[in-house]
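A.B. asks: So here's upload_17.csv (CSV, C-alpha atoms and all ligand atoms).
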```csv
chain,number,residue,atom,x,y,z
A,284,MET,CA,-9.9,8.7,-1.8
A,285,ASP,CA,-6.1,7.9,-1.3
A,286,THR,CA,-3.7,7.3,-4.2
A,287,VAL,CA,-0.8,4.9,-3.8
A,288,LYS,CA,2.8,6.0,-3.7
A,289,SER,CA,4.8,3.2,-5.3
A,290,LEU,CA,8.3,2.3,-4.2
A,291,TYR,CA,8.9,-0.9,-6.1
A,292,GLU,CA,7.3,-1.8,-9.4
A,293,LEU,CA,7.9,-5.4,-10.6
A,294,LYS,CA,7.1,-6.2,-14.2
A,295,ASN,CA,7.1,-9.8,-15.6
A,296,VAL,CA,9.5,-11.0,-12.9
A,297,GLU,CA,10.4,-14.7,-13.1
A,298,HIS,CA,13.0,-16.5,-11.0
A,299,TYR,CA,14.3,-20.0,-11.7
A,300,HIS,CA,16.3,-22.5,-9.6
A,301,ASN,CA,17.6,-25.5,-11.5
A,302,GLU,CA,15.3,-24.8,-14.4
A,303,LYS,CA,12.3,-24.8,-12.0
A,304,ARG,CA,10.3,-21.6,-11.9
A,305,VAL,CA,9.9,-20.5,-8.3
A,306,LEU,CA,8.6,-17.0,-8.8
A,307,ASN,CA,6.3,-15.6,-11.5
A,308,ILE,CA,4.9,-12.1,-11.0
A,309,ASP,CA,3.4,-10.2,-13.9
A,310,LYS,CA,2.9,-7.0,-12.1
A,311,LEU,CA,3.3,-5.9,-8.6
A,312,ILE,CA,3.4,-2.4,-7.1
A,313,LEU,CA,4.7,-2.1,-3.5
A,314,GLU,CA,4.0,1.0,-1.6
A,315,GLN,CA,6.3,3.3,0.3
A,316,SER,CA,6.0,4.0,4.0
A,317,LYS,CA,3.9,0.9,4.6
A,318,ILE,CA,4.4,-2.4,6.5
A,319,THR,CA,3.6,-5.0,3.9
A,320,GLY,CA,3.0,-8.5,5.2
A,321,VAL,CA,3.9,-11.3,2.8
A,322,PHE,CA,1.8,-14.4,3.3
A,323,GLY,CA,2.1,-17.8,1.8
A,324,PRO,CA,2.8,-21.5,2.7
A,325,ASN,CA,6.3,-23.1,2.8
A,326,GLY,CA,8.1,-22.9,-0.5
A,327,SER,CA,5.7,-20.3,-2.0
A,328,GLY,CA,8.6,-17.9,-2.9
A,329,LYS,CA,8.6,-15.4,0.0
A,330,SER,CA,12.4,-15.6,0.6
A,331,THR,CA,13.1,-15.6,-3.1
A,332,LEU,CA,11.0,-12.4,-3.4
A,333,PHE,CA,12.8,-10.8,-0.4
A,334,SER,CA,16.2,-11.6,-1.9
A,335,ILE,CA,15.2,-9.9,-5.1
A,336,LEU,CA,13.7,-6.9,-3.3
A,337,SER,CA,16.8,-6.4,-1.3
A,338,PHE,CA,18.9,-6.7,-4.5
A,339,VAL,CA,20.8,-9.5,-3.0
A,340,SER,CA,19.9,-11.6,-6.1
A,341,LYS,CA,18.7,-10.6,-9.5
A,342,PRO,CA,15.6,-12.2,-11.0
A,343,THR,CA,16.2,-14.5,-14.0
A,344,PHE,CA,13.9,-12.4,-16.1
A,345,GLY,CA,11.9,-9.2,-15.7
A,346,THR,CA,12.3,-5.6,-14.6
A,347,ILE,CA,12.3,-3.9,-11.2
A,348,LEU,CA,11.9,-0.2,-10.8
A,349,PHE,CA,12.8,1.3,-7.4
A,350,ASN,CA,11.6,4.8,-7.0
A,351,GLY,CA,11.1,4.8,-10.7
A,352,VAL,CA,14.7,3.9,-11.5
A,353,ASP,CA,15.5,0.6,-13.2
A,354,SER,CA,17.3,-1.6,-10.7
A,355,LYS,CA,20.2,-2.2,-13.1
A,356,LYS,CA,21.0,1.5,-12.8
A,357,LEU,CA,20.7,1.8,-9.1
A,358,GLU,CA,23.6,3.4,-7.2
A,359,HIS,CA,25.3,1.4,-4.5
A,360,LYS,CA,24.4,4.2,-2.0
A,361,VAL,CA,20.7,3.7,-2.7
A,362,LYS,CA,21.0,-0.1,-2.3
A,363,GLN,CA,22.7,0.4,1.0
A,364,ASP,CA,19.5,1.9,2.4
A,365,ILE,CA,17.7,-1.4,1.7
A,366,VAL,CA,18.5,-3.8,4.5
A,367,ILE,CA,17.4,-7.4,5.0
A,368,LEU,CA,17.2,-9.6,8.1
A,369,PRO,CA,17.3,-13.1,6.6
A,370,GLN,CA,15.7,-16.2,8.0
A,371,ASN,CA,18.0,-17.7,10.7
A,372,PRO,CA,20.3,-14.7,10.8
A,373,TYR,CA,23.9,-15.3,11.4
A,374,LEU,CA,25.6,-13.6,14.4
A,375,LEU,CA,29.4,-13.1,14.5
A,376,LYS,CA,31.1,-15.1,17.2
A,377,ARG,CA,31.8,-11.9,19.1
A,378,SER,CA,30.0,-9.6,21.6
A,379,VAL,CA,26.6,-8.2,21.1
A,380,PHE,CA,28.2,-4.7,20.7
A,381,ASP,CA,30.4,-5.9,17.8
A,382,ASN,CA,27.4,-7.6,16.2
A,383,VAL,CA,25.2,-4.5,16.4
A,384,ILE,CA,27.9,-2.1,15.0
A,385,TYR,CA,28.9,-4.5,12.2
A,386,GLY,CA,26.9,-2.8,9.4
A,387,LEU,CA,27.9,0.6,10.6
A,388,SER,CA,31.6,-0.3,10.5
A,389,LEU,CA,31.2,-1.6,6.9
A,390,ARG,CA,29.8,1.9,6.1
A,391,ASN,CA,32.7,3.6,7.9
A,392,ASP,CA,30.2,5.2,10.2
A,393,THR,CA,31.8,5.2,13.6
A,394,LYS,CA,30.4,8.2,15.5
A,395,ASN,CA,28.8,7.9,18.9
A,396,LEU,CA,28.8,4.1,18.6
A,397,ASN,CA,28.1,3.5,22.3
A,398,GLN,CA,25.1,5.7,22.5
A,399,ARG,CA,23.7,4.3,19.2
A,400,VAL,CA,24.1,0.7,20.3
A,401,THR,CA,22.2,1.5,23.5
A,402,GLN,CA,19.4,3.1,21.5
A,403,ALA,CA,19.2,0.1,19.1
A,404,LEU,CA,19.2,-2.4,21.9
A,405,ASN,CA,16.5,-0.4,23.7
A,406,GLN,CA,14.4,-0.4,20.6
A,407,VAL,CA,14.3,-4.2,20.6
A,408,GLY,CA,13.7,-4.3,24.4
A,409,LEU,CA,17.2,-5.3,25.5
A,410,GLU,CA,19.0,-3.6,28.3
A,411,ASP,CA,22.4,-1.8,28.0
A,412,SER,CA,24.1,-4.6,29.9
A,413,PHE,CA,23.6,-6.9,26.9
A,414,LYS,CA,26.3,-5.0,25.0
A,415,ASN,CA,29.1,-7.0,26.6
A,416,ARG,CA,27.4,-10.4,26.3
A,417,LYS,CA,28.9,-13.0,24.0
A,418,TRP,CA,26.9,-14.2,21.0
A,419,SER,CA,26.7,-17.6,22.8
A,420,GLN,CA,25.1,-16.2,25.9
A,421,LEU,CA,21.8,-15.3,24.2
A,422,SER,CA,18.5,-17.1,24.1
A,423,GLY,CA,17.0,-17.7,20.6
A,424,GLY,CA,14.6,-14.7,21.1
A,425,GLU,CA,17.4,-12.4,22.3
A,426,ALA,CA,19.7,-13.4,19.4
A,427,GLN,CA,16.9,-12.6,17.0
A,428,ARG,CA,16.4,-9.2,18.6
A,429,VAL,CA,20.2,-8.5,18.5
A,430,ALA,CA,20.2,-9.3,14.8
A,431,LEU,CA,17.2,-6.9,14.4
A,432,ALA,CA,19.0,-4.2,16.4
A,433,ALA,CA,22.0,-4.5,14.0
A,434,ARG,CA,19.7,-3.6,11.2
A,435,LEU,CA,17.7,-0.9,13.0
A,436,ILE,CA,20.9,1.0,13.9
A,437,LEU,CA,21.4,1.6,10.2
A,438,LYS,CA,18.0,3.5,10.1
A,439,PRO,CA,17.2,1.9,6.8
A,440,LYS,CA,14.8,3.3,4.2
A,441,VAL,CA,13.6,-0.2,3.5
A,442,LEU,CA,13.8,-3.1,6.0
A,443,ILE,CA,13.0,-6.6,4.9
A,444,LEU,CA,12.3,-9.1,7.7
A,445,ASP,CA,12.2,-12.8,6.7
A,446,GLU,CA,10.5,-14.7,9.5
A,447,PRO,CA,11.6,-12.4,12.3
A,448,THR,CA,9.4,-14.3,14.8
A,449,SER,CA,10.6,-17.8,14.1
A,450,GLY,CA,11.6,-19.5,17.3
A,451,VAL,CA,10.7,-16.5,19.6
A,452,ASP,CA,8.2,-16.4,22.4
A,453,THR,CA,5.1,-14.2,22.5
A,454,ASN,CA,7.0,-11.5,24.5
A,455,SER,CA,9.8,-11.3,22.0
A,456,ALA,CA,7.3,-11.3,19.1
A,457,GLN,CA,5.6,-8.3,20.8
A,458,LEU,CA,8.9,-6.5,21.3
A,459,ILE,CA,9.8,-7.1,17.6
A,460,LYS,CA,6.4,-5.7,16.6
A,461,GLU,CA,7.0,-2.5,18.7
A,462,ALA,CA,10.5,-2.1,17.2
A,463,ILE,CA,9.0,-2.3,13.7
A,464,PHE,CA,6.3,0.3,14.5
A,465,LEU,CA,9.0,2.6,15.9
A,466,ALA,CA,11.2,2.3,12.8
A,467,LYS,CA,8.2,3.3,10.6
A,468,GLN,CA,7.3,6.2,12.9
A,469,LYS,CA,10.8,7.5,13.4
A,470,TRP,CA,12.4,7.1,10.0
A,471,ASP,CA,9.5,6.4,7.7
A,472,THR,CA,11.0,3.0,7.0
A,473,THR,CA,9.1,0.9,4.5
A,474,LEU,CA,8.9,-2.7,5.7
A,475,PHE,CA,8.3,-6.1,4.1
A,476,ILE,CA,7.7,-9.0,6.5
A,477,SER,CA,7.0,-12.6,6.4
A,478,SER,CA,6.0,-14.8,9.3
A,479,HIS,CA,4.3,-18.1,9.8
A,480,ASP,CA,2.7,-16.6,12.8
A,481,HIS,CA,-0.1,-15.3,10.7
A,482,ASN,CA,-2.0,-13.7,13.5
A,483,TRP,CA,1.1,-11.7,14.5
A,484,LEU,CA,1.7,-10.7,10.9
A,485,ASN,CA,-1.9,-9.8,10.4
A,486,HIS,CA,-1.8,-7.4,13.4
A,487,THR,CA,1.6,-6.0,12.4
A,488,CYS,CA,1.2,-5.1,8.7
A,489,ASP,CA,-1.0,-2.5,7.1
A,490,LYS,CA,-0.8,-4.0,3.6
A,491,LYS,CA,-0.8,-7.7,2.6
A,492,ILE,CA,0.3,-9.7,-0.4
A,493,ALA,CA,0.1,-13.4,-0.7
A,494,LEU,CA,2.1,-15.9,-2.7
A,495,PHE,CA,1.1,-19.4,-3.7
A,496,GLN,CA,3.5,-21.7,-5.7
A,497,GLY,CA,5.5,-18.6,-6.7
A,498,GLU,CA,2.5,-16.7,-8.1
A,499,LEU,CA,0.9,-13.7,-6.6
A,500,VAL,CA,-2.5,-14.6,-5.2
A,501,GLN,CA,-3.3,-11.0,-4.3
A,502,SER,CA,-1.6,-7.7,-3.7
A,503,GLY,CA,-2.8,-4.5,-2.1
A,504,SER,CA,-5.3,-5.9,0.3
A,505,ILE,CA,-5.6,-9.6,0.8
A,506,ASN,CA,-8.5,-11.3,2.3
A,507,LEU,CA,-7.7,-13.7,5.1
A,508,LEU,CA,-10.1,-15.7,7.2
A,509,PHE,CA,-8.6,-17.1,10.4
A,510,ALA,CA,-9.7,-19.7,12.9
A,511,PRO,CA,-12.0,-20.4,14.8
A,512,TRP,CA,-13.8,-22.6,12.3
A,513,LYS,CA,-16.8,-24.8,12.9
A,514,LYS,CA,-17.5,-28.0,11.0
A,515,ASP,CA,-20.8,-28.4,9.3
A,516,SER,CA,-22.8,-31.6,9.2
A,517,ASN,CA,-20.7,-32.8,6.2
A,518,GLY,CA,-17.4,-32.0,8.0
A,519,ASN,CA,-16.6,-28.9,5.9
A,520,LEU,CA,-15.1,-25.9,7.6
A,521,THR,CA,-17.6,-23.1,8.2
A,522,LYS,CA,-16.9,-19.5,9.1
A,523,GLU,CA,-19.5,-18.3,11.5
A,524,PHE,CA,-19.5,-14.5,11.6
A,525,PHE,CA,-20.3,-12.6,14.7
A,526,CYS,CA,-23.6,-11.5,13.2
A,527,GLY,CA,-24.7,-15.1,12.8
A,528,GLN,CA,-24.2,-15.3,9.1
A,529,LYS,CA,-22.3,-18.4,7.8
A,530,LEU,CA,-19.9,-19.2,5.0
A,531,VAL,CA,-19.3,-22.9,4.2
A,532,PHE,CA,-16.1,-23.9,2.4
A,533,GLU,CA,-17.0,-26.9,0.3
A,534,ASN,CA,-14.4,-29.7,0.0
A,535,SER,CA,-12.6,-28.6,3.2
A,536,ILE,CA,-13.2,-31.8,5.1
A,537,SER,CA,-9.4,-32.5,5.2
A,538,LYS,CA,-8.5,-29.0,6.5
A,539,LYS,CA,-7.4,-28.5,10.0
A,540,ARG,CA,-9.4,-26.3,12.4
A,541,ASP,CA,-6.5,-23.8,12.7
A,542,SER,CA,-6.2,-23.3,8.9
A,543,ILE,CA,-6.2,-19.9,7.3
A,544,VAL,CA,-7.8,-19.2,4.0
A,545,MET,CA,-6.8,-16.6,1.5
A,546,ILE,CA,-9.5,-15.3,-0.9
A,547,SER,CA,-8.6,-13.0,-3.8
A,548,SER,CA,-10.7,-9.9,-4.0
A,549,ASP,CA,-11.3,-10.9,-7.6
A,550,ASP,CA,-13.3,-13.9,-6.3
A,551,ILE,CA,-15.6,-11.8,-4.2
A,552,TYR,CA,-18.6,-10.3,-5.9
A,553,LEU,CA,-20.8,-7.5,-4.7
A,554,ASN,CA,-24.5,-7.1,-5.3
A,555,LYS,CA,-24.7,-10.3,-7.2
A,556,LYS,CA,-27.5,-12.1,-5.3
A,557,SER,CA,-27.0,-15.9,-5.0
A,558,SER,CA,-28.2,-18.6,-2.7
A,559,ASN,CA,-25.1,-18.2,-0.5
A,560,SER,CA,-24.7,-14.4,-0.6
A,561,ILE,CA,-24.2,-12.7,2.8
A,562,LYS,CA,-24.9,-9.1,3.9
A,563,ALA,CA,-22.1,-6.7,4.5
A,564,VAL,CA,-21.6,-2.9,5.0
A,565,ILE,CA,-19.1,-0.9,3.0
A,566,THR,CA,-16.5,0.8,5.2
A,567,SER,CA,-14.3,2.5,2.6
A,568,ILE,CA,-13.6,2.8,-1.1
A,569,TYR,CA,-10.2,3.8,-2.5
A,570,LYS,CA,-8.2,3.7,-5.7
A,571,GLU,CA,-5.8,0.8,-5.7
A,572,ASN,CA,-3.5,1.7,-8.6
A,573,CYS,CA,-3.5,3.6,-11.8
A,574,ASP,CA,-6.3,1.8,-13.6
A,575,ASN,CA,-10.0,2.3,-13.2
A,576,GLN,CA,-10.4,-0.3,-10.5
A,577,MET,CA,-11.4,0.7,-6.9
A,578,LEU,CA,-11.0,-1.4,-3.8
A,579,VAL,CA,-14.2,-1.6,-1.8
A,580,GLU,CA,-13.7,-2.6,1.8
A,581,PHE,CA,-16.7,-4.0,3.7
A,582,VAL,CA,-17.3,-5.6,7.0
A,583,ILE,CA,-19.2,-8.8,7.8
A,584,GLY,CA,-19.8,-9.3,11.5
A,585,GLY,CA,-16.6,-7.4,12.5
A,586,ILE,CA,-14.4,-9.0,9.8
A,587,THR,CA,-13.1,-6.7,7.1
A,588,LEU,CA,-12.8,-8.0,3.5
A,589,ASN,CA,-12.5,-6.4,0.2
A,590,SER,CA,-13.4,-6.7,-3.5
A,591,LYS,CA,-12.5,-4.8,-6.6
A,592,LEU,CA,-15.1,-2.8,-8.6
A,593,SER,CA,-14.8,-0.4,-11.5
A,594,LYS,CA,-15.3,3.3,-10.7
A,595,ASN,CA,-18.3,3.3,-13.2
A,596,ILE,CA,-20.1,0.5,-11.4
A,597,ILE,CA,-19.6,2.2,-8.0
A,598,GLU,CA,-21.1,5.4,-9.4
A,599,GLU,CA,-23.9,3.6,-11.2
A,600,LYS,CA,-24.9,1.7,-8.1
A,601,SER,CA,-24.3,4.8,-5.8
A,602,LEU,CA,-22.1,2.7,-3.5
A,603,LEU,CA,-20.8,4.7,-0.5
A,604,PRO,CA,-19.3,3.9,2.9
A,605,GLY,CA,-22.3,2.8,5.0
A,606,SER,CA,-24.1,1.2,2.0
A,607,GLU,CA,-25.4,-2.4,2.6
A,608,VAL,CA,-24.4,-4.9,0.0
A,609,ASP,CA,-24.9,-8.5,-0.9
A,610,VAL,CA,-21.6,-10.4,-1.0
A,611,THR,CA,-20.9,-13.6,-2.8
A,612,ILE,CA,-17.6,-15.4,-2.2
A,613,ASP,CA,-16.4,-18.0,-4.6
A,614,THR,CA,-15.2,-20.4,-2.0
A,615,SER,CA,-14.0,-22.9,-4.7
A,616,LYS,CA,-11.1,-20.5,-5.5
A,617,ALA,CA,-10.0,-20.2,-1.8
A,618,CYS,CA,-6.4,-21.0,-1.1
A,619,TRP,CA,-5.6,-22.8,2.2
A,620,ILE,CA,-2.4,-22.0,4.1
B,701,LIG,N1,19.0,-22.2,-3.7
B,701,LIG,C1,18.0,-22.9,-4.1
B,701,LIG,N2,18.1,-24.0,-5.0
B,701,LIG,C2,17.1,-24.7,-5.4
B,701,LIG,N3,15.8,-24.4,-5.1
B,701,LIG,C3,15.6,-23.4,-4.3
B,701,LIG,C4,16.7,-22.6,-3.7
B,701,LIG,N4,16.1,-21.6,-2.9
B,701,LIG,C5,14.8,-21.8,-2.9
B,701,LIG,N5,14.5,-22.9,-3.7
B,701,LIG,C6,13.1,-23.4,-4.0
B,701,LIG,O1,12.4,-22.2,-4.4
B,701,LIG,C7,11.0,-22.4,-3.9
B,701,LIG,C8,10.7,-21.1,-3.1
B,701,LIG,O2,11.5,-21.1,-2.0
B,701,LIG,P1,11.4,-19.9,-0.9
B,701,LIG,O3,12.5,-20.1,0.1
B,701,LIG,O4,11.5,-18.6,-1.6
B,701,LIG,O5,10.0,-20.1,-0.3
B,701,LIG,P2,9.4,-19.5,1.1
B,701,LIG,O6,8.0,-19.1,0.8
B,701,LIG,O7,10.3,-18.5,1.6
B,701,LIG,O8,9.4,-20.8,2.0
B,701,LIG,P3,9.4,-20.9,3.6
B,701,LIG,O9,8.2,-20.4,4.2
B,701,LIG,O10,9.6,-22.4,3.8
B,701,LIG,O11,10.6,-20.2,4.1
B,701,LIG,C9,11.0,-23.6,-3.1
B,701,LIG,O12,10.4,-24.6,-3.9
B,701,LIG,C10,12.4,-23.9,-2.8
B,701,LIG,O13,12.6,-25.3,-2.7
```
As C-alpha cells - that is how I would like this structure written.
C.D. replies:
Amino acid sequence: MDTVKSLYELKNVEHYHNEKRVLNIDKLILEQSKITGVFGPNGSGKSTLFSILSFVSKPTFGTILFNGVDSKKLEHKVKQDIVILPQNPYLLKRSVFDNVIYGLSLRNDTKNLNQRVTQALNQVGLEDSFKNRKWSQLSGGEAQRVALAARLILKPKVLILDEPTSGVDTNSAQLIKEAIFLAKQKWDTTLFISSHDHNWLNHTCDKKIALFQGELVQSGSINLLFAPWKKDSNGNLTKEFFCGQKLVFENSISKKRDSIVMISSDDIYLNKKSSNSIKAVITSIYKENCDNQMLVEFVIGGITLNSKLSKNIIEEKSLLPGSEVDVTIDTSKACWI
C-alpha cells in the first residue's frame, strides 16, 4: 500500500474578491511528482487556486505549507522553481527565441541558450526554424506551445498550467500532453493542470481534484463519469456500463448528453445493498492520507471509481483486490459539469 508524499498542504484557505468568497478549502494535500488535474465548471475557483499555489497571490485567510515550510517563510529561490502558464498567456512582441529565453534572462542564466531553446521547442513539437519567427507569425496552437516552451526551459520543480489546451487543435493538445509527460519523466516536475477538455485532462493526469463554487468536491481521486449517456423513459441521463449494468441519475432531464458528472467518494457506499446497487470488483486499496481512511478503487464494466472506507472495515470484511462488492451511488449528490 502506497503512502502519499505531500508537496503542498492547505489549511483553512479562503480567498475573497470584493467581499465575495471565491475559494474555501478546509484541508487539501497535494502530492509531489504527480500530474494533478483540477476539474470544475467556469468560475469554480481553478485559476484562483493556481494563482495561490504559484504564490502569485496570497489567500485572504489560511495557511499553505510547501514542502513543510510555511509559505510566508519561503525563500525567493524556492518560489522561482514554481512556474505558471496562465490562461491566455502573453507573448512578448518579439521573436520566438526571445520569448522562450525570457524567464532564463530574468534569472541571469544565459549559458548555451541556442541549444536549450532548440530542446525546449522540440519538446513541444516545434522545429528549430521557429526560433526566428515573430510572435505575430504563429497560429493559436503554436503560440500556446511557445509559451509552454518558455516555461519548460526553466526545468521547473512545479509547473502549473491553466487551460493549456484552450483554442488548440487535437494535434497541439496531444503535443502538449507529450511535453507534460516528458517534464515529469526528465525532471520529476510536479504538475497542476486545468482544462475544459475533460477527456484530455482525464487521460493526462494521474490525480484529480474538483472544485465547485470555490469548494473542494473531492481530492485525491475524483470520480468522473463521461458521455455517452442514454436517456431513460423519463428522460433522465443513464450510464450504461459495458457489463450491462445501469445507473440512472434522477432529475437529470435538463442535462445535455455530453455532460460530465462528478461524484464524491464519500457518496459511494460499498457492501450496502439497496435496490439500485451494482456489482463491482475491487482493483486496489491504498492509504490516502494520514488518517485511518483507505481509498478503495473498483471497476464497473471497465470504469474505475473509488470510495473511502476505514481500515477496520476493510479488515473486518476481508476486502482485497479481486473481491466482488455491491456498490451504491448516491446520485442525488452528483455534481454536473
Ligand atoms: N479579479 C477578480 N475580481 C473579482 N472577481 C474575480 C476576480 N477573479 C476571479 N473572480 C471571481 O472568482 C470566481 C472564481 O474565478 P476563477 O477564475 O478562479 O474560476 P475558474 O474556475 O478558473 O473559471 P474558468 O473555468 O472560467 O476559468 C469567479 O466567480 C470569478 O468571477
A.B. asks: Using all atoms listed in the file, which of the listed residues (A:Asn589, A:Gln420, A:Gln496, A:Thr393) sits closest to ligand LIG 701 (chain B)?
C.D. replies: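 Looking only at the distances to ligand LIG 701 (chain B), the closest residue turns out to be A:Gln496.
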A.B. asks: Can you work out the spacing between CA of Arg377 (chain A) and CA of Arg390 (chain A) in Å, to one decimal?
C.D. replies: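 Going from CA of Arg377 (chain A) over to CA of Arg390 (chain A) covers 19.1 Å.
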A.B. asks: Give me, as JSON lines, the closest atom pair and its distance (Å, one decimal) for every residue of chain A within a cut-off of 10 Å of ligand LIG 701 (chain B), counting all atoms listed in the file, rows sorted by chain and rising number.
C.D. replies:
```
{"residue": "A:His298", "atom": "CA", "partner": "B:LIG701", "partner_atom": "O1", "distance": 8.7}
{"residue": "A:Tyr299", "atom": "CA", "partner": "B:LIG701", "partner_atom": "O1", "distance": 7.9}
{"residue": "A:His300", "atom": "CA", "partner": "B:LIG701", "partner_atom": "C2", "distance": 4.8}
{"residue": "A:Asn301", "atom": "CA", "partner": "B:LIG701", "partner_atom": "C2", "distance": 6.2}
{"residue": "A:Glu302", "atom": "CA", "partner": "B:LIG701", "partner_atom": "C2", "distance": 9.2}
{"residue": "A:Lys303", "atom": "CA", "partner": "B:LIG701", "partner_atom": "N3", "distance": 7.7}
{"residue": "A:Arg304", "atom": "CA", "partner": "B:LIG701", "partner_atom": "O1", "distance": 7.8}
{"residue": "A:Val305", "atom": "CA", "partner": "B:LIG701", "partner_atom": "C7", "distance": 4.9}
{"residue": "A:Leu306", "atom": "CA", "partner": "B:LIG701", "partner_atom": "C8", "distance": 7.3}
{"residue": "A:Val321", "atom": "CA", "partner": "B:LIG701", "partner_atom": "O6", "distance": 9.0}
{"residue": "A:Phe322", "atom": "CA", "partner": "B:LIG701", "partner_atom": "O6", "distance": 8.2}
{"residue": "A:Gly323", "atom": "CA", "partner": "B:LIG701", "partner_atom": "O6", "distance": 6.1}
{"residue": "A:Pro324", "atom": "CA", "partner": "B:LIG701", "partner_atom": "O9", "distance": 5.7}
{"residue": "A:Asn325", "atom": "CA", "partner": "B:LIG701", "partner_atom": "O10", "distance": 3.5}
{"residue": "A:Gly326", "atom": "CA", "partner": "B:LIG701", "partner_atom": "O5", "distance": 3.4}
{"residue": "A:Ser327", "atom": "CA", "partner": "B:LIG701", "partner_atom": "O6", "distance": 3.8}
{"residue": "A:Gly328", "atom": "CA", "partner": "B:LIG701", "partner_atom": "O4", "distance": 3.3}
{"residue": "A:Lys329", "atom": "CA", "partner": "B:LIG701", "partner_atom": "O6", "distance": 3.8}
{"residue": "A:Ser330", "atom": "CA", "partner": "B:LIG701", "partner_atom": "O7", "distance": 3.7}
{"residue": "A:Thr331", "atom": "CA", "partner": "B:LIG701", "partner_atom": "O4", "distance": 3.7}
{"residue": "A:Leu332", "atom": "CA", "partner": "B:LIG701", "partner_atom": "O4", "distance": 6.5}
{"residue": "A:Phe333", "atom": "CA", "partner": "B:LIG701", "partner_atom": "O4", "distance": 8.0}
{"residue": "A:Ser334", "atom": "CA", "partner": "B:LIG701", "partner_atom": "O4", "distance": 8.4}
{"residue": "A:Gln370", "atom": "CA", "partner": "B:LIG701", "partner_atom": "O11", "distance": 7.6}
{"residue": "A:Asp445", "atom": "CA", "partner": "B:LIG701", "partner_atom": "O7", "distance": 7.9}
{"residue": "A:Glu446", "atom": "CA", "partner": "B:LIG701", "partner_atom": "O11", "distance": 7.7}
{"residue": "A:Ser477", "atom": "CA", "partner": "B:LIG701", "partner_atom": "O9", "distance": 8.2}
{"residue": "A:Ser478", "atom": "CA", "partner": "B:LIG701", "partner_atom": "O9", "distance": 7.9}
{"residue": "A:His479", "atom": "CA", "partner": "B:LIG701", "partner_atom": "O9", "distance": 7.2}
{"residue": "A:Ala493", "atom": "CA", "partner": "B:LIG701", "partner_atom": "O6", "distance": 9.9}
{"residue": "A:Leu494", "atom": "CA", "partner": "B:LIG701", "partner_atom": "O6", "distance": 7.6}
{"residue": "A:Phe495", "atom": "CA", "partner": "B:LIG701", "partner_atom": "O6", "distance": 8.2}
{"residue": "A:Gln496", "atom": "CA", "partner": "B:LIG701", "partner_atom": "C8", "distance": 7.7}
{"residue": "A:Gly497", "atom": "CA", "partner": "B:LIG701", "partner_atom": "C8", "distance": 6.8}
```
A.B. asks: Mind listing as a list in words all residues within 8 Å of (9.5, 4.5, -8.3), counting only C-alpha atoms?
C.D. replies: Ser289, Leu290, Tyr291, Glu292, Leu348, Phe349, Asn350, Gly351 and Val352 of chain A
A.B. asks: Can you work out the spacing between CA of Lys467 (chain A) and CA of Ala430 (chain A) in Å, to one decimal?
C.D. replies: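 Going from CA of Lys467 (chain A) over to CA of Ala430 (chain A), I get 17.9 Å.
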A.B. asks: What gap, in Å, lies between CA of Glu580 (chain A) and CA of Ile565 (chain A)?
C.D. replies: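 Separation of CA of Glu580 (chain A) and CA of Ile565 (chain A): 5.8 Å.
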A.B. asks: Please provide the set of residues having any atom within 10 Å of Ser337 (chain A), restricted to all atoms listed in the file, with same-chain residues fewer than 2 positions apart removed, written as a PyMOL selection string.
C.D. replies: chain A and resi 332-335+339-341+362-368+441-443
A.B. asks: May I ask which of the residues A:Ala426, A:Val579, A:Leu603, A:Leu465 is the closest one to Leu375 (chain A), counting all atoms listed in the file?
C.D. replies: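 Checking each candidate against Leu375 (chain A), we get A:Ala426 as the closest.
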A.B. asks: For a quick check of understanding, using only C-alpha atoms, which of A:Leu336, A:Glu533, A:Glu358, A:Thr587 has the smallest distance to Ser516 (chain A)?
C.D. replies: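 Residue with the minimum atom-to-atom distance to Ser516 (chain A): A:Glu533.
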A.B. asks: Can you tell me, as a list in words, what residues are no more than 9 Å from Asp471 (chain A) when counting only C-alpha atoms, ignoring any on the same chain fewer than 6 positions away?
C.D. replies: Gln315, Ser316, Lys317, Pro439, Lys440 and Val441 of chain A
A.B. asks: Show which residues sit within 12 Å of Gln528 (chain A), as a ChimeraX atom specification. Count only C-alpha atoms, and ignore same-chain residues fewer than 3 positions away.
C.D. replies: /A:521-525,531,559-563,583-586,610
A.B. asks: Hey, which of A:Arg434, A:Lys417, A:Lys570, A:Lys594 ends up closest to Ala403 (chain A)? Count all atoms listed in the file.
C.D. replies: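 Going through A:Arg434, A:Lys417, A:Lys570, A:Lys594 one by one, the smallest distance to Ala403 (chain A) is for A:Arg434.
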A.B. asks: Asp613 (chain A): which residues within 10 Å, counting all atoms listed in the file, same-chain residues fewer than 6 positions away excluded, as a list in words?
C.D. replies: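 So, after excluding close chain neighbours, the residues are Phe532, Ile546, Ser547, Ser548, Asp549, Asp550, Ile551, Tyr552, Asn559 and Ser560 of chain A.
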A.B. asks: Go ahead and write the selection's residues with C-alpha atoms as a short mmCIF file (atom, residue, chain, number, x, y, z; two decimals), in the coordinates of the input.
C.D. replies:
```cif
data_model
loop_
_atom_site.label_atom_id
_atom_site.label_comp_id
_atom_site.auth_asym_id
_atom_site.auth_seq_id
_atom_site.Cartn_x
_atom_site.Cartn_y
_atom_site.Cartn_z
CA PHE A 532 -16.10 -23.90 2.40
CA ILE A 546 -9.50 -15.30 -0.90
CA SER A 547 -8.60 -13.00 -3.80
CA SER A 548 -10.70 -9.90 -4.00
CA ASP A 549 -11.30 -10.90 -7.60
CA ASP A 550 -13.30 -13.90 -6.30
CA ILE A 551 -15.60 -11.80 -4.20
CA TYR A 552 -18.60 -10.30 -5.90
CA ASN A 559 -25.10 -18.20 -0.50
CA SER A 560 -24.70 -14.40 -0.60
#
```
A.B. asks: So, with all atoms listed in the file as the atoms that count, which of A:Trp619, A:Trp418, A:Phe380, A:Phe464 lies closest to His486 (chain A)?
C.D. replies: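 Of the candidates, the smallest distance to His486 (chain A) is held by A:Phe464.
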A.B. asks: Can you tell me, as a PDB file with C-alpha atoms, in the frame of the given file, what residues are no more than 9 Å from Asn415 (chain A) when counting all atoms listed in the file, ignoring any on the same chain fewer than 4 positions away?
C.D. replies:
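And here's part.pdb as it stands now:
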```pdb
ATOM      1  CA  SER A 378      30.000  -9.600  21.600  1.00  0.00           C
ATOM      2  CA  VAL A 379      26.600  -8.200  21.100  1.00  0.00           C
ATOM      3  CA  PHE A 380      28.200  -4.700  20.700  1.00  0.00           C
ATOM      4  CA  ASP A 381      30.400  -5.900  17.800  1.00  0.00           C
ATOM      5  CA  ASP A 411      22.400  -1.800  28.000  1.00  0.00           C
TER       6      ASP A 411
END
```
